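The structure under discussion appears below in the form of structure tokens.
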There are 4 protein chains.
Amino acid sequence: MKKYNVSILGASGYTGGELIRFLYQHPYVNITHVTASKHAGKQLAEVFPHLQKHTHLKLYNLDISNIPNDIDVVFAALPHGASAELIKDIYEKDIKIIDLGADFRLNEGNYKDWYGNHPCVDMLENAVYGIPELYKKEISDAKLIANPGCYPTSAILPLAPLLKNNHIKDDNIIIDSKSGASGAGRSPSIDLHFCEVNEGFKAYKVGQHRHTPEIEQQISDYVGKEIKVTFTPHLVPIDRGILSTIYVNLKEDLSTDDIINILEDFYKEAHFIRIHPKQEYPNTSYVKGSNFCNIGVYSNKKSGTAILVSAIDNLVKGASGQAIQNMNIMLDLPEFTGINTLPIYP
Amino acid sequence: MKKYNVSILGASGYTGGELIRFLYQHPYVNITHVTASKHAGKQLAEVFPHLQKHTHLKLYNLDISNIPNDIDVVFAALPHGASAELIKDIYEKDIKIIDLGADFRLNEGNYKDWYGNHPCVDMLENAVYGIPELYKKEISDAKLIANPGCYPTSAILPLAPLLKNNHIKDDNIIIDSKSGASGAGRSPSIDLHFCEVNEGFKAYKVGQHRHTPEIEQQISDYVGKEIKVTFTPHLVPIDRGILSTIYVNLKEDLSTDDIINILEDFYKEAHFIRIHPKQEYPNTSYVKGSNFCNIGVYSNKKSGTAILVSAIDNLVKGASGQAIQNMNIMLDLPEFTGINTLPIYP
Amino acid sequence: MKKYNVSILGASGYTGGELIRFLYQHPYVNITHVTASKHAGKQLAEVFPHLQKHTHLKLYNLDISNIPNDIDVVFAALPHGASAELIKDIYEKDIKIIDLGADFRLNEGNYKDWYGNHPCVDMLENAVYGIPELYKKEISDAKLIANPGCYPTSAILPLAPLLKNNHIKDDNIIIDSKSGASGAGRSPSIDLHFCEVNEGFKAYKVGQHRHTPEIEQQISDYVGKEIKVTFTPHLVPIDRGILSTIYVNLKEDLSTDDIINILEDFYKEAHFIRIHPKQEYPNTSYVKGSNFCNIGVYSNKKSGTAILVSAIDNLVKGASGQAIQNMNIMLDLPEFTGINTLPIYP
Amino acid sequence: MKKYNVSILGASGYTGGELIRFLYQHPYVNITHVTASKHAGKQLAEVFPHLQKHTHLKLYNLDISNIPNDIDVVFAALPHGASAELIKDIYEKDIKIIDLGADFRLNEGNYKDWYGNHPCVDMLENAVYGIPELYKKEISDAKLIANPGCYPTSAILPLAPLLKNNHIKDDNIIIDSKSGASGAGRSPSIDLHFCEVNEGFKAYKVGQHRHTPEIEQQISDYVGKEIKVTFTPHLVPIDRGILSTIYVNLKEDLSTDDIINILEDFYKEAHFIRIHPKQEYPNTSYVKGSNFCNIGVYSNKKSGTAILVSAIDNLVKGASGQAIQNMNIMLDLPEFTGINTLPIYP
């Protein structure tokens with residue numbers, strides 16, 4: 001049985017840890033190289049004590065010269081800006097790359113507006129936006145995947161079928177999202193200090209979150225016309241999970257059942273999408289630790305509006321699980337290989 | 001110094017407990033009578049061990065004959081339907097009543113649609129809806145207060161100034177609210193079992209929550225025209241706090257600063273309303289344990305929309321604190337008497 | 001590839017759910033029958049919405065006549081007393097049984113003292129106490145496993161090597177244990193209501209918990225002399241995890257390193273035991289969702305005492321994971337089959 | 001009515017915030033000066049948004065020259081070592097000082113062993129250890145209070161009556177303590193990052209926590225003979241609260257009732273000590289936000305051992321509440337002035 005050699009760049013954060021959790025049990029993968037510049041030289045199990053006894057991998061500096069020649073796939077779980085140059089070099093070596101950062105998700109203009117000058121503009125056209133439920137064919141042919149942001153995944157999956165089929169109006173789409181704290185990463189800061197998060201709930205970066213242009217550009221590209229959204233992120237004092245409550249105006253008279261049918265039909269081949277029956281709605285705990293995206297629907301005929309509620313695990317379908325799903329497709333494996341675990345409840 | 005005798009009907013739940021916490025330290029109040037039918041005969045400190053050594057009050061059955069004659073004020077913290085008849089009898093004895101339940105918040109039609117037949121329709125016109133920041137004069141003259149629901153308080157306070165002054169459109173007002181678990185009361189159920197709530201986040205009763213008609217009717221009455229809203233409640237795994245994120249369409253070109261000024265001006269006499277400076281937003285932890293309502297604002301000129309974010313402690317400004325604020329006004333005391341405590345942080 | 005048919009009695013609780021999570025991914029098992037009397041007739045996914053789309057199993061009444069004839073293994077996750085008679089009938093049909101309840105863990109005298117009359121005393125001698133690290137041989141020959149309690153597992157694993165080899169004194173063994181709320185099951189009660197548990201920490205059943213005789217009897221049986229312990233359980237506001245801090249008096253001069261070596265040596269073949277290096281101690285989050293038991297050690301030479309700290313996931317190594325480990329041994333499979341997942345972090 | 005002017009050194013941490021919460025409502029105190037070197041120049045409400053609208057105090061650098069001349073009482077909530085020199089200067093100005101840090105709690109030898117050389121050894125004899133229930137007289141005469149550590153408060157209060165009256169053996173006293181995260185302060189670190197704490201439970205600094213010598217020295221001083229203890233701290237994922245489970249060996253045959261009586265008698269004048277009836281035990285949630293210390297008792301006659309369980313709010317009775325209690329006594333006010341609030345539940 002052929003095993004692919006995998007490298008994880010930025011293995012000491014939460015998405016890195018989650019890649020390791022799944023890839024260790026992936027039947028066709030060996031993790032042979034991991035980096036974490038600020039922990040270079042340490043054992044991986046020193047920064048992730050829960051991995052003790054399972055791994056003797058050592059953490060390396062982030063440096064192209066450290067990447068072994070026999071690597072087949074690189075996952076980059078790095079802060080934005082940190083990976084672009086390096087990814088260019090890796091790309092040229094004909095290694096498949098899945099970038100979990102933001103560097104290849106936006107076009108040049110959007111990137112400049114929200115992040116600054118892009119470090120390697122010419123690479124942008126090579127990247128495929130990695131939502132497998134929308135771009136399976138493109139992903140299977142790609143060498144470079146821009147793995148979607150967590151909030152955008154939770155917003156685009158319920159919206160795509162309705163926008164693509166022209167069921168909802170383009171304006172006044174409101175995405176009210178709530179995320180667990182692991183979405184903010186593992187670096188200490190006062191905003192993520194335990195007592196500052198626990199027993200509180202807040203909105204943040206109102207009107208100014210960098211996932212806004214990602215949602216707008218990607219959904220616009222997918223449906224072929226410009227879509228604007230209002231997006232508000234909130235912080236929930238839980239480890240994992242994003243729930244997005246999405247408000248749309250219907251173009252036609254669609255009941256809850258109608259919308260459920262549209263979604264069911266659109267996602268009938270999608271292994272990881274689960275549509276709730278009428279009057280049932282997602283809870284982030286229904287998807288915790290798994291690669292599922294759950295979606296619930298409510299249509300208010302009187303006002304001509306509908307509410308879509310989606311839930312994902314931000315570290316899985318919102319990051320590492322989707323990354324592996326993309327890898328599976330690139331390697332022509334069944335897309336659920338190694339990530340077909342049930343949610344952990346409670 | 002005159003002390004008023006107070007009775008609490010339904011003293012064994014969380015709003016009852018919170019009434020006790022504040023009233024014990026109120027300089028002009030003696031709690032002389034408490035009821036809790038299912039715990040009748042027990043000491044209050046048996047159902048609330050945190051009160052041990054502070055009280056020798058005994059819990060009585062809910063029965064008009066048990067209410068002492070010298071009671072000046074009755075707080076009813078009872079399930080809907082349970083209090084209406086009793087309140088009628090108390091009302092006739094010329095005792096001031098503050099009802100924390102839903103029985104006197106809706107007009108006959110709305111009540112029927114959402115709860116069933118009203119037990120004493122003729123009482124409805126006597127009740128004043130107890131948001132002191134909007135109805136101080138009416139409250140001071142009232143004998144019966146319909147103490148507002150927690151979600152409606154969080155929605156009406158930020159909306160009232162903008163709707164009253166005609167700054168926002170009537171349609172497409174979206175209220176996305178998130179509440180801590182104490183809002184659901186103290187009765188055990190699988191939905192409120194620790195492991196079912198902890199580490200999850202969900203929407204519930206989408207499009208069907210009973211606070212929808214309360215918000216619509218009360219804001220309509222206040223501004224003098226019919227307003228419809230879309231309201232979605234969510235459950236946050238914290239004890240206390242409601243954060244409401246409210247999306248509105250502006251009628252005119254108003255910047256964030258403009259809206260802040262409108263709110264500041266409207267609430268310039270309001271002791272418990274705190275408007276955040278630009279680019280700062282509320283966290284439920286900023287109001288925990290206190291009677292404050294914090295409000296933050298974001299205006300998006302490009303889309304002509306604005307976002308209002310409000311935070312209250314659902315058990316205080318959303319229930320018992322506001323009830324005491326109403327009592328103070330009815331008794332001609334400074335409205336903050338006994339409830340002017342700072343939030344507890346963390 | 002031979003697949004074994006498995007029945008789960010009491011599938012709607014947390015240990016039932018955890019059996020399902022692991023067994024669905026077990027390569028040699030089909031779950032073909034599940035019961036939950038109070039939910040009989042419902043789909044399994046109705047009581048566990050996180051399983052939606054993964055199962056069309058229907059829940060049956062608990063009744064011997066409902067158990068299919070081709071069942072190879074029965075897991076009983078039932079309240080004590082509920083399973084004994086039924087287990088007797090199943091036992092006679094030559095089906096392997098793993099009982100996750102308390103009915104077969106104690107001898108007749110202890111059972112009577114702590115639970116009342118035993119429903120089928122004659123079955124007691126057939127049951128093997130299922131800690132695979134201590135009784136692998138006996139388990140492989142058994143037809144009926146008394147799957148250990150969660151607290152006892154966390155206490156016996158660190159103590160067994162030191163008591164067996166006579167390194168610590170028999171008296172004054174103190175076990176101070178802290179458990180997440182899932183250990184108390186899924187039935188609603190005021191004690192497990194979200195707001196009653198969250199943001200609190202308490203000791204409970206001090207000196208009177210039914211796991212005390214289980215710890216004493218089982219550790220006594222294992223080492224061959226009577227051992228008494230002081231055991232205090234506490235409730236931690238988390239979903240999963242038990243941490244036990246165990247205080248012992250040393251018989252001889254043993255350093256921290258010495259004790260670590262003794263444990264390492266004793267458990268050198270044990271796949272699921274992980275001994276921490278000196279000055280590192282377990283966190284329940286290092287084992288969450290996994291079948292590991294982590295152990296840390298501190299020896300105070302001056303006082304001749306040592307502290308052992310153990311951590312398990314109460315639903316996995318403390319219940320369902322260990323049950324499957326026992327099943328694997330009974331079926332002559334590698335003991336980690338289907339349960340060799342990494343912890344989920346965070 | 002005479003008002004005392006108060007200065008808080010180190011006002012931006014959690015104990016600083018808690019001093020402010022209580023002192024703002026203290027009838028005889030004005031907070032007129034606050035410092036926080038790393039936030040010097042900012043408004044207090046910038047570092048504590050929950051205080052918005054309540055204070056226009058500005059934060060100053062920590063510098064003797066910044067302390068106004070009319071200050072009557074200084075609270076120092078500073079890291080150890082940071083305050084000693086400054087406190088010496090303040091002391092000489094005849095201002096009353098309550099030091100919430102560790103600098104004046106230990107004798108010279110212990111300080112050296114656990115912290116290093118003491119910055120002003122000659123001041124040590126002037127400091128009174130501030131447990132009002134044990135040293136009320138000395139506190140009323142003191143100019144400098146060493147406010148006790150949170151863990152030591154939770155351990156000494158239940159132990160003192162039994163040790164003083166010679167009811168328990170000196171050796172083998174085991175203190176197993178569990179603390180909420182606010183006890184570790186407000187400075188960001190990976191160990192206190194939300195996801196690293198939430199949903200975990202761990203022991204830390206096993207056998208090596210600096211509160212061990214404080215407990216040993218202070219309890220030894222109080223009872224007049226050398227006492228050694230085994231002390232293990234644990235981290236609970238809650239904001240506030242310490243629960244200590246204490247195991248002792250009895251010198252004589254004492255029932256649970258006997259011990260309860262001894263404690264009740266010893267603390268009959270103590271406003272803030274609450275002894276639980278037999279078979280009831282403390283929960284940290286029973287004291288949250290208040291200055292109470294709850295104590296529960298279990299005696300096991302067979303083994304001659306007893307278990308004492310205590311609960312305090314680490315930020316109140318374990319820090320700022322006790323500090324104000326000490327101030328009240330120094331100022332000859334009723335000791336509960338300004339801190340007689342009920343616990344906040346839930």
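In the structure tokens, chains take letters A, B, ... by order of appearance, with residues numbered from 1 within each chain and ligands from 1 in the order shown.
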
Got a sec: who's within 12 Å of Leu159 of chain D, counting only C-alpha atoms, leaving out chain neighbours fewer than 4 positions off, as a PyMOL selection string? chain D and resi 134+152-155+163-170+173-175+215-216+218-220+222-223+227+229+244-250+259+262-263+266+295-297+306-310

Got a sec: who's within 8 Å of Val34 of chain A, counting only C-alpha atoms, leaving out chain neighbours fewer than 5 positions off, as a ChimeraX atom specification? /A:7-11,57-60

May I have the selected residues written with C-alpha atoms, as a JSON list (two decimals), in the first residue's frame?
[["chain", "number", "residue", "atom", "x", "y", "z"],
["A", 7, "SER", "CA", 5.10, 17.71, 5.96],
["A", 8, "ILE", "CA", 3.30, 20.10, 8.30],
["A", 9, "LEU", "CA", 4.64, 23.63, 8.43],
["A", 10, "GLY", "CA", 3.51, 25.30, 11.64],
["A", 11, "ALA", "CA", 2.73, 22.18, 13.61],
["A", 57, "LEU", "CA", 8.95, 13.60, 15.63],
["A", 58, "LYS", "CA", 11.22, 16.57, 16.22],
["A", 59, "LEU", "CA", 10.24, 20.12, 15.34],
["A", 60, "TYR", "CA", 12.37, 21.89, 12.74]]

Test item, alpha helix (DSSP H) assignment across segment 43-117 of chain A, answer as a ChimeraX atom specification: /A:44-47,84-92,108-114

Show me, as a ChimeraX atom specification, the residues of chain A whose atoms get within 9 Å of chain D, using only C-alpha atoms for the distance check. /A:181-182,186-199,237-240

Could the residues in this selection be written to a file with N, CA and C atoms, as a PDB file, in the first residue's frame?
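Final file, out.pdb:
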ATOM      1  N   ALA A 181     -13.145  29.647  20.883  1.00  0.00           N
ATOM      2  CA  ALA A 181     -11.894  30.402  21.044  1.00  0.00           C
ATOM      3  C   ALA A 181     -10.720  29.813  20.276  1.00  0.00           C
ATOM      4  N   SER A 182     -10.766  28.537  19.913  1.00  0.00           N
ATOM      5  CA  SER A 182      -9.602  27.976  19.208  1.00  0.00           C
ATOM      6  C   SER A 182      -9.426  28.617  17.842  1.00  0.00           C
ATOM      7  N   ARG A 186      -3.344  29.834  19.112  1.00  0.00           N
ATOM      8  CA  ARG A 186      -2.775  29.368  20.376  1.00  0.00           C
ATOM      9  C   ARG A 186      -1.801  30.350  21.018  1.00  0.00           C
ATOM     10  N   SER A 187      -1.605  31.518  20.398  1.00  0.00           N
ATOM     11  CA  SER A 187      -0.666  32.486  20.978  1.00  0.00           C
ATOM     12  C   SER A 187      -1.325  33.250  22.122  1.00  0.00           C
ATOM     13  N   PRO A 188      -0.654  33.330  23.257  1.00  0.00           N
ATOM     14  CA  PRO A 188      -1.245  34.006  24.412  1.00  0.00           C
ATOM     15  C   PRO A 188      -1.489  35.487  24.142  1.00  0.00           C
ATOM     16  N   SER A 189      -2.576  36.015  24.645  1.00  0.00           N
ATOM     17  CA  SER A 189      -2.857  37.443  24.609  1.00  0.00           C
ATOM     18  C   SER A 189      -3.924  37.722  25.655  1.00  0.00           C
ATOM     19  N   ILE A 190      -4.011  38.974  26.079  1.00  0.00           N
ATOM     20  CA  ILE A 190      -4.992  39.294  27.130  1.00  0.00           C
ATOM     21  C   ILE A 190      -6.404  38.974  26.651  1.00  0.00           C
ATOM     22  N   ASP A 191      -6.672  39.166  25.359  1.00  0.00           N
ATOM     23  CA  ASP A 191      -8.022  38.907  24.842  1.00  0.00           C
ATOM     24  C   ASP A 191      -8.426  37.437  24.905  1.00  0.00           C
ATOM     25  N   LEU A 192      -7.434  36.564  24.985  1.00  0.00           N
ATOM     26  CA  LEU A 192      -7.729  35.128  25.010  1.00  0.00           C
ATOM     27  C   LEU A 192      -7.365  34.484  26.343  1.00  0.00           C
ATOM     28  N   HIS A 193      -7.040  35.324  27.309  1.00  0.00           N
ATOM     29  CA  HIS A 193      -6.762  34.867  28.672  1.00  0.00           C
ATOM     30  C   HIS A 193      -8.037  34.208  29.212  1.00  0.00           C
ATOM     31  N   PHE A 194      -7.865  33.128  29.949  1.00  0.00           N
ATOM     32  CA  PHE A 194      -9.039  32.351  30.345  1.00  0.00           C
ATOM     33  C   PHE A 194     -10.160  33.196  30.946  1.00  0.00           C
ATOM     34  N   CYS A 195      -9.834  33.976  31.983  1.00  0.00           N
ATOM     35  CA  CYS A 195     -10.898  34.709  32.691  1.00  0.00           C
ATOM     36  C   CYS A 195     -11.497  35.829  31.853  1.00  0.00           C
ATOM     37  N   GLU A 196     -10.815  36.259  30.802  1.00  0.00           N
ATOM     38  CA  GLU A 196     -11.362  37.306  29.936  1.00  0.00           C
ATOM     39  C   GLU A 196     -12.376  36.727  28.940  1.00  0.00           C
ATOM     40  N   VAL A 197     -12.292  35.434  28.691  1.00  0.00           N
ATOM     41  CA  VAL A 197     -13.171  34.791  27.701  1.00  0.00           C
ATOM     42  C   VAL A 197     -14.313  34.046  28.400  1.00  0.00           C
ATOM     43  N   ASN A 198     -13.944  33.268  29.410  1.00  0.00           N
ATOM     44  CA  ASN A 198     -14.902  32.443  30.129  1.00  0.00           C
ATOM     45  C   ASN A 198     -16.036  33.293  30.701  1.00  0.00           C
ATOM     46  N   GLU A 199     -17.241  32.799  30.614  1.00  0.00           N
ATOM     47  CA  GLU A 199     -18.416  33.487  31.174  1.00  0.00           C
ATOM     48  C   GLU A 199     -18.663  34.855  30.563  1.00  0.00           C
ATOM     49  N   PRO A 237     -17.467  31.293  24.598  1.00  0.00           N
ATOM     50  CA  PRO A 237     -16.495  30.655  25.496  1.00  0.00           C
ATOM     51  C   PRO A 237     -16.544  29.137  25.439  1.00  0.00           C
ATOM     52  N   ILE A 238     -16.245  28.586  24.288  1.00  0.00           N
ATOM     53  CA  ILE A 238     -16.094  27.139  24.105  1.00  0.00           C
ATOM     54  C   ILE A 238     -14.799  26.938  23.309  1.00  0.00           C
ATOM     55  N   ASP A 239     -14.300  25.727  23.312  1.00  0.00           N
ATOM     56  CA  ASP A 239     -13.058  25.452  22.587  1.00  0.00           C
ATOM     57  C   ASP A 239     -13.271  25.455  21.076  1.00  0.00           C
ATOM     58  N   ARG A 240     -14.293  24.743  20.628  1.00  0.00           N
ATOM     59  CA  ARG A 240     -14.470  24.462  19.209  1.00  0.00           C
ATOM     60  C   ARG A 240     -15.882  24.750  18.748  1.00  0.00           C
TER      61      ARG A 240
END

Expected answer as a ChimeraX atom specification: strand (DSSP E) residues in segment 64-248 of chain C: /C:73-76,96-99,127-129,144-146,173-179,202-203,229-235,242-248

Given the selection you just returned, output its residues as a file containing N, CA, C and O atoms, formatted as a compact mmCIF listing (two decimals), in the first residue's frame.
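File produced: part-v3.txt:
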# COMPACT_ATOMS: atom_id res chain seq x y z
N VAL C 73 -21.67 -10.38 20.99
CA VAL C 73 -21.25 -9.66 22.20
C VAL C 73 -22.36 -8.71 22.62
O VAL C 73 -22.92 -8.00 21.78
N VAL C 74 -22.65 -8.69 23.91
CA VAL C 74 -23.60 -7.71 24.46
C VAL C 74 -22.87 -6.77 25.41
O VAL C 74 -22.12 -7.22 26.30
N PHE C 75 -23.05 -5.46 25.18
CA PHE C 75 -22.60 -4.46 26.16
C PHE C 75 -23.83 -4.00 26.94
O PHE C 75 -24.82 -3.58 26.34
N ALA C 76 -23.76 -4.07 28.25
CA ALA C 76 -24.88 -3.60 29.08
C ALA C 76 -24.46 -2.30 29.77
O ALA C 76 -23.59 -2.31 30.63
N LYS C 96 -21.06 -13.47 24.74
CA LYS C 96 -20.12 -12.76 25.62
C LYS C 96 -20.76 -11.47 26.12
O LYS C 96 -21.42 -10.76 25.37
N ILE C 97 -20.55 -11.17 27.39
CA ILE C 97 -21.20 -10.01 28.00
C ILE C 97 -20.18 -9.11 28.67
O ILE C 97 -19.31 -9.59 29.41
N ILE C 98 -20.30 -7.83 28.41
CA ILE C 98 -19.50 -6.85 29.14
C ILE C 98 -20.48 -5.91 29.82
O ILE C 98 -21.22 -5.18 29.17
N ASP C 99 -20.48 -5.97 31.15
CA ASP C 99 -21.44 -5.17 31.92
C ASP C 99 -20.75 -3.91 32.43
O ASP C 99 -19.83 -3.98 33.23
N ALA C 127 -17.84 -13.62 36.88
CA ALA C 127 -17.42 -12.34 36.33
C ALA C 127 -15.94 -12.07 36.58
O ALA C 127 -15.42 -12.34 37.65
N VAL C 128 -15.29 -11.55 35.55
CA VAL C 128 -13.89 -11.12 35.69
C VAL C 128 -13.86 -9.60 35.71
O VAL C 128 -14.52 -8.95 34.89
N TYR C 129 -13.11 -9.02 36.65
CA TYR C 129 -13.00 -7.57 36.76
C TYR C 129 -12.10 -7.08 35.63
O TYR C 129 -10.93 -7.44 35.53
N LEU C 144 -18.06 -13.25 30.96
CA LEU C 144 -18.75 -12.11 31.59
C LEU C 144 -17.72 -11.19 32.22
O LEU C 144 -16.95 -11.61 33.09
N ILE C 145 -17.71 -9.94 31.77
CA ILE C 145 -16.78 -8.96 32.30
C ILE C 145 -17.53 -7.95 33.16
O ILE C 145 -18.54 -7.38 32.72
N ALA C 146 -17.03 -7.73 34.37
CA ALA C 146 -17.51 -6.60 35.18
C ALA C 146 -16.60 -5.43 34.82
O ALA C 146 -15.46 -5.36 35.27
N ILE C 173 -4.09 5.45 52.81
CA ILE C 173 -4.09 5.76 51.38
C ILE C 173 -5.26 6.70 51.11
O ILE C 173 -6.42 6.36 51.39
N ILE C 174 -4.95 7.87 50.60
CA ILE C 174 -5.99 8.88 50.37
C ILE C 174 -6.13 9.13 48.88
O ILE C 174 -5.15 9.42 48.19
N ILE C 175 -7.35 9.00 48.39
CA ILE C 175 -7.64 9.19 46.96
C ILE C 175 -8.59 10.37 46.83
O ILE C 175 -9.77 10.28 47.19
N ASP C 176 -8.06 11.48 46.34
CA ASP C 176 -8.87 12.69 46.16
C ASP C 176 -9.14 12.81 44.66
O ASP C 176 -8.27 13.16 43.87
N SER C 177 -10.39 12.52 44.25
CA SER C 177 -10.71 12.41 42.82
C SER C 177 -11.64 13.53 42.37
O SER C 177 -12.47 14.00 43.15
N LYS C 178 -11.45 13.93 41.11
CA LYS C 178 -12.25 15.01 40.55
C LYS C 178 -12.77 14.54 39.19
O LYS C 178 -11.97 14.16 38.34
N SER C 179 -14.09 14.63 39.01
CA SER C 179 -14.67 14.09 37.79
C SER C 179 -15.48 15.13 37.03
O SER C 179 -16.15 15.98 37.63
N LYS C 202 -17.31 21.31 43.75
CA LYS C 202 -17.75 20.81 45.05
C LYS C 202 -17.25 19.40 45.32
O LYS C 202 -16.95 18.64 44.39
N ALA C 203 -17.18 19.05 46.59
CA ALA C 203 -17.04 17.66 47.02
C ALA C 203 -18.44 17.10 47.20
O ALA C 203 -19.37 17.85 47.50
N VAL C 229 -9.03 2.47 52.03
CA VAL C 229 -8.68 3.77 51.46
C VAL C 229 -9.68 4.82 51.93
O VAL C 229 -10.81 4.50 52.31
N THR C 230 -9.23 6.06 51.88
CA THR C 230 -10.15 7.20 52.04
C THR C 230 -10.35 7.78 50.65
O THR C 230 -9.38 8.10 49.96
N PHE C 231 -11.61 7.88 50.23
CA PHE C 231 -11.89 8.30 48.85
C PHE C 231 -12.88 9.46 48.86
O PHE C 231 -13.95 9.37 49.46
N THR C 232 -12.52 10.56 48.24
CA THR C 232 -13.43 11.72 48.16
C THR C 232 -13.62 12.14 46.71
O THR C 232 -12.67 12.57 46.05
N PRO C 233 -14.85 12.05 46.20
CA PRO C 233 -15.12 12.50 44.82
C PRO C 233 -15.52 13.98 44.80
O PRO C 233 -16.10 14.49 45.76
N HIS C 234 -15.17 14.64 43.72
CA HIS C 234 -15.52 16.05 43.50
C HIS C 234 -16.07 16.19 42.08
O HIS C 234 -15.73 15.41 41.19
N LEU C 235 -16.87 17.24 41.89
CA LEU C 235 -17.46 17.49 40.57
C LEU C 235 -16.80 18.71 39.92
O LEU C 235 -16.84 19.81 40.47
N ILE C 242 -11.39 12.41 34.52
CA ILE C 242 -11.19 12.23 35.96
C ILE C 242 -9.72 12.43 36.24
O ILE C 242 -8.86 11.87 35.54
N LEU C 243 -9.44 13.22 37.26
CA LEU C 243 -8.08 13.33 37.76
C LEU C 243 -8.10 12.89 39.21
O LEU C 243 -8.89 13.40 40.00
N SER C 244 -7.26 11.91 39.54
CA SER C 244 -7.16 11.47 40.93
C SER C 244 -5.79 11.81 41.49
O SER C 244 -4.77 11.50 40.86
N THR C 245 -5.80 12.45 42.65
CA THR C 245 -4.55 12.78 43.34
C THR C 245 -4.48 11.85 44.55
O THR C 245 -5.37 11.88 45.40
N ILE C 246 -3.44 11.01 44.56
CA ILE C 246 -3.40 9.91 45.53
C ILE C 246 -2.19 10.08 46.43
O ILE C 246 -1.06 10.27 45.95
N TYR C 247 -2.45 10.05 47.74
CA TYR C 247 -1.39 10.27 48.73
C TYR C 247 -1.08 8.95 49.42
O TYR C 247 -1.99 8.31 49.96
N VAL C 248 0.20 8.55 49.39
CA VAL C 248 0.59 7.28 50.01
C VAL C 248 1.83 7.47 50.88
O VAL C 248 2.61 8.40 50.67

Skip segment 334-341 of chain D itself and residues of its chain fewer than 6 positions away, then list as a list in words all residues within 9 Å of it, counting only C-alpha atoms. Arg21, Phe22, Tyr24 and Gln25 of chain B; Phe22, Leu23, Tyr24, Gln25, His26, Pro27, Tyr28, Pro132, His271, Phe272, Gly289, Ser290, Asn291, Val316, Gly321, Gln322, Ile324, Gln325, Asn326, Met327 and Asn328 of chain D

Using only C-alpha atoms, which residues sit within 12 Å of Tyr115 of chain A once same-chain residues fewer than 4 positions away are excluded, as a list in words? Pro79, His80, Gly81, Ala102, Asp103, Phe104, Arg105, Leu106, Asn107, Glu108, Gly109, Asn110, Tyr111, Pro119, His209, Arg210, His211, Pro213 and Glu214 of chain A
